[in-house]
Amino acid sequence: MTLRKIALHPGDFYFTQEKVIMHTLLGSCIAIVIWHPKYKFGGMCHFMLPKHSNAKSNLLNGRFAEDAFEMFRLAIAQHNTYTKDYEVSVFGGGIMNPRAFKEESSIGEINSLITEELLKKQNFNIKEQDLRGNKTRRLSFNTNTGAIITKYIKHVTAENVQGCNQ
């Protein structure tokens with residue numbers, strides 16, 4: 001059986017009972033993957049930033065960590081399930097330009113910190129946490145099996161791109 005593939009881009013959120021394979025590419029962004037092992041469904045989000053800069057907005061936006069967690073909370077409630085019954089895995093938060101940022105002020109580090117903070121507030125069963133570092137991650141999630149495959153891509157630098165530009 002060939003499963004339909006769903007590509008998630010920055011700001012995307014997808015939660016389904018359908019058997020699909022979701023995939024995304026991460027640098028400093030974070031992907032949260034949740035899966036219900038009994039019912040074999042779940043979802044993924046790909047957020048870019050920790051918080052809204054516009055506090056007036058009442059609409060949830062998958063580009064922001066706080067909103068992504070709220071979107072998961074609502075999807076879990078809509079499916080009459082409980083947060084504690086899901087396996088949660090988080091990935092990303094890499095430092096993509098170490099020369100431009102100090103580690104503690106990079107968007108990858110800030111995203112990692114907010115993710116850890118929000119995970120502590122939830123009652124999730126944390127299965128895997130792969131945050132920080134300086135590699136790009138290619139992530140694939142099968143909602144039928146709960147399998148998550150992470151492939152690391154060596155970060156591209158000016159030195160190793162020079163030959164490509166000739």
# chains A, B, ... in the order shown; residues from 1 in each chain; ligands from 1
$ residues_around --residues "A:Phe72" --least-positions-apart "6" --cutoff "10 Å" --atoms "only C-alpha atoms" --output "PyMOL selection string"
chain A and resi 13-15+32-34+42-45+78+83
$ residues_around --residues "A:Glu18" --least-positions-apart "2" --cutoff "8 Å" --atoms "only C-alpha atoms" --output "PyMOL selection string"
chain A and resi 16+20+41+143
$ closest_residue --among "A:Leu8, A:Leu3, A:Met48, A:Ala77" --to "A:Asn142" --atoms "only C-alpha atoms"
A:Leu3
$ atom_distance --atom1 "atom CA of A:Thr136" --atom2 "atom CA of A:Ala31"
12.1 Å
$ residues_around --residues "stretch 109-120 of chain A" --least-positions-apart "4" --cutoff "10 Å" --atoms "only C-alpha atoms" --output "JSON, numbers by chain"
{"A": [28, 29, 30, 31, 32, 47, 48, 49, 50, 51, 64, 65, 66, 69, 88, 90, 91, 92, 93, 94, 95, 102, 103, 104, 105, 124, 125, 126, 129, 130, 131, 132, 133]}
$ closest_residue --among "A:Ser106, A:Asn144, A:Gln17, A:Thr2" --to "A:Ile76" --atoms "only C-alpha atoms"
A:Gln17
$ residues_around --residues "A:Leu74" --least-positions-apart "6" --cutoff "12 Å" --atoms "only C-alpha atoms" --output "list in words"
Phe15, Leu60, Asp67, Ala68, Asn80, Thr81, Tyr82 and Thr83 of chain A
$ select_by_dssp --residues "stretch 11-116 of chain A" --states "helix (DSSP H, G or I)" --output "MDAnalysis selection string"
chainID A and resid 65:78 83:85 103:105 107:116
$ residues_around --residues "A:Phe141" --least-positions-apart "2" --cutoff "8 Å" --atoms "only C-alpha atoms" --output "ChimeraX atom specification"
/A:21-23,33,139,143,146-149
$ select_by_dssp --residues "chain A" --states "strand (DSSP E)" --output "PyMOL selection string"
chain A and resi 4-7+13-16+20-26+30-36+41-47+87-92+125-131+136-142+148-153
$ atom_distance --atom1 "atom CA of A:Arg4" --atom2 "atom CA of A:Leu59"
28.8 Å
$ atom_distance --atom1 "atom CA of A:Lys127" --atom2 "atom CA of A:Asn97"
28.5 Å
